[in-house]
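One structure is given below, encoded as structure tokens.
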Amino acid sequence: MNKRANFLFKLIFIVLVSGIGFYSAFPIYWMIVCSFKPYVQLFTKVSIFPWPFTTESYKALLTMTNYPTYFKNSIIVAVGTTIITLFTVCPLSYILTRLRIRFAGTFIRLMLVAYMFPALLLTIPMFVIFTKLGLFDTLTSVMIGQSTLTIPLGVWLMWGFFKGIPFELEEAALIDGSTPFKAFIKIVLPLSRAGLITTALFTFILSWTDYIYAFTLIFSDELKTLPLGLAAIYGATDMRWGELMAGSALITIPSVLAFAFVTRYLVQGLTAGAVKG
Amino acid sequence: MNGKALTRKYANSRQMSLFREYWPFFLLAIPVLIVTIVFIFIPVIYAIILSFFKMETIVSPGKFIGLGNYREIFSDPLFWNALKNGVIYALSTVALQLVIGIIIALILDHNFKGRNYFRGLAIVPYVIPTVVASFTWLWILDPNVGVVNKVVKTLGLGTITWFETPFTAMFSNVLVSVWIWTPFVTLSFLAGLQGIDQELHEAARVDGATWTQRFLFITLPLLKPILVIIILLRTIWMFNKFDIIWLLTQGGPLHATEHLPVLSYLRAFPMFEVGNGSAIATVNFLLLIILIFIYLKKVDIDE
């Protein structure tokens with residue numbers, strides 16, 4: 001290849017790569033920039049820097065809307081769902097790997113089918129069941145609803161992790177007189193720390209960003225989670241784009257942080273169907 | 001007795017003794033199992049049962065009408081419209097995600113300075129919450145004050161109503177959905193690319209194969225298994241998407257972006273036609289079940 005062609009090739013490559021960067025990141029950049037712009041400027045001119053820089057949108061969001069309440073609800077639901085999921089998934093996937101139960105494989109497959117169910121098909125019967133139980137419009141119903149999504153995912157993930165731990169380790173502990181339960185707590189759980197963290201973070205992300213379950217199971221404004229609350233702010237007020245962008249930026253931070261911790265498992269998880277979306 | 005059978009026998013006897021020692025564990029796991037079954041499998045079955053009933057209110061027991069709801073939806077033009085929209089939406093988004101995702105993966109597979117930063121940037125659309133993505137795009141594409149239309153206007157091309165006409169509404173939904181879920185294809189394809197032995201490419205290059213030939217006859221055949229899984233999963237997920245369409249256009253204008261999940265929601269919730277909505281959701285699931293089974297066959301679960 002001569003020098004000139006080489007240069008041209010490099011130039012095209014740089015343009016392509018910058019194009020990818022722009023395509024992927026511009027909307028998010030724009031969201032953050034607009035959240036720091038003065039209110040009036042949002043509608044009058046296009047500037048790609050937030051200048052003059054102001055936090056008035058954030059102040060308005062936190063004082064004039066129910067955003068703090070939505071934030072609190074989202075934390076409760078996400079943490080609650082994560083705890084429910086971990087406590088359910090650990091014993092379940094552990095016995096599925098350690099005892100060769102006849103239908104363990106079928107059970108895992110059924111979990112995957114349940115996981116791939118159109119969420120909306122699940123929300124209709126849940127709506128009916130929760131209404132009959134008097135749980136409609138409570139945060140509990142949202143946690144249970146989201147758990148139907150995160151438990152299959154968790155079983156699928158933890159099953160893989162527990163399978164990788166050699167049984168001989170526990171066997172040695174059992175011979176030394178430990179009870180199976182103790183062996184599980186003292187040996188298996190510490191060894192599967194990576195798995196537990198991955199499961200917890202994926203659960204947290206799914207719960208934090210979930211719109212469908214909260215949308216169908218919550219009615220009162222003071223019980224709405226963040227995604228739902230943001231939609232409520234959008235619907236109730238006209239042209240509050242500054243607040244909406246500020247609210248979007250604040251929801252994004254925890255989920256991006258959680259994703260940053262699981263990138264190592266993200267790729268594996270994607271093709272195994274572990275990440276819904 | 002050969003070695004294999006011996007091992008199996010040993011494993012079985014070990015499992016029996018395990019069972020004797022592990023019963024406290026079973027005691028713990030059985031309630032968990034029951035709760036899981038109650039909250040995951042029962043709603044699935046209940047949804048299908050509901051589709052055979054006509055309900056006046058949510059809490060009333062309802063009346064069994066057999067296949068009545070199905071007869072009703074099959075003679076409903078809105079159902080066929082939703083099915084058509086869903087197919088258009090799913091096929092176009094999956095196709096575009098594949099093409100764009102593979103192109104991005106091929107570019108980011110090259111070795112260059114700052115490659116990891118660009119890989120990080122490329123996943124951004126996927127890791128932000130769907131709600132955030134939809135509001136950001138609603139703002140960017142706002143017909144009067146959005147940045148895209150301001151640029152379009154300065155170029156003297158008038159105003160594009162991104163969400164107001166049937167065609168542009170579907171187009172915008174596809175555009176935003178492709179933007180959000182392309183990184184899924186990029187990431188999985190990139191992982192596959194890294195598993196390819198570079199010597200194969202070297203050998204082909206020595207033999208005079210062009211870039212296109214190498215892509216068509218080395219890369220694609222080697223990545224076929226992963227590609228099949230990507231296509232299956234993407235089709236399943238895109239056929240089920242509800243939140244993005246609901247947040248952007250709510251199925252409108254004039255039912256132009258109303259697909260099966262949106263229609264089933266509209267029937268079951270605002271209109272309280274729970275049976276009708278369940279029937280639509282069930283049909284949606286039955287359409288996907290073949291894909292789900294192929295996927296389950298491809299994903300090996302060694303028992």
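Naming works like this for the structure tokens: A, B, ... for the chains as they're shown, residue 1 at the start of each chain, ligands 1 onward in shown order.
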> For chain A, which residues have at least one atom within 6 Å of chain B, if we go by only C-alpha atoms? Write them as a PyMOL selection string, please.
Replying inline: chain A and resi 24+43+88+91-92+105+118+121-122+125+148+209+227+248+252+256+277
Take the residues just selected and output them with C-alpha atoms as a CSV table (one decimal), in the first residue's frame.
```csv
chain,number,residue,atom,x,y,z
A,24,SER,CA,-23.8,6.4,20.6
A,43,PHE,CA,-36.0,26.9,23.6
A,88,THR,CA,-34.8,-17.3,46.8
A,91,PRO,CA,-31.0,-22.3,47.9
A,92,LEU,CA,-32.9,-23.1,44.8
A,105,GLY,CA,-32.8,-29.4,33.5
A,118,PRO,CA,-44.1,-11.2,27.2
A,121,LEU,CA,-48.9,-11.3,29.5
A,122,LEU,CA,-47.8,-11.7,33.1
A,125,PRO,CA,-53.1,-11.9,35.6
A,148,THR,CA,-41.0,-13.0,38.6
A,209,THR,CA,-35.1,0.6,35.1
A,227,PRO,CA,-39.3,5.7,35.5
A,248,SER,CA,-33.3,11.4,33.4
A,252,THR,CA,-29.1,7.0,34.7
A,256,VAL,CA,-24.6,3.0,34.6
A,277,GLY,CA,-34.0,-6.2,26.5
```
>> I need the residues of region 26-238 of chain A that end up classed as alpha helix (DSSP H) by DSSP on the backbone, written out as a PyMOL selection string.
In response: chain A and resi 26-35+41-44+56-64+67-98+104-116+119-133+139-163+167-175+180-183+189-191+193-209+212-217+226-236
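Counting only C-alpha atoms, the residue from A:Gly235, A:Phe117, A:Phe71, A:Asp137 that sits nearest to Val283 (chain B) is A:Phe117.
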> To one decimal place, how far is CA of Gly86 (chain B) from CA of Leu260 (chain B) in Å?
Replying inline: 6.4 Å
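Going from CA of Thr82 (chain A) to CA of Ser141 (chain A) covers 14.3 Å.
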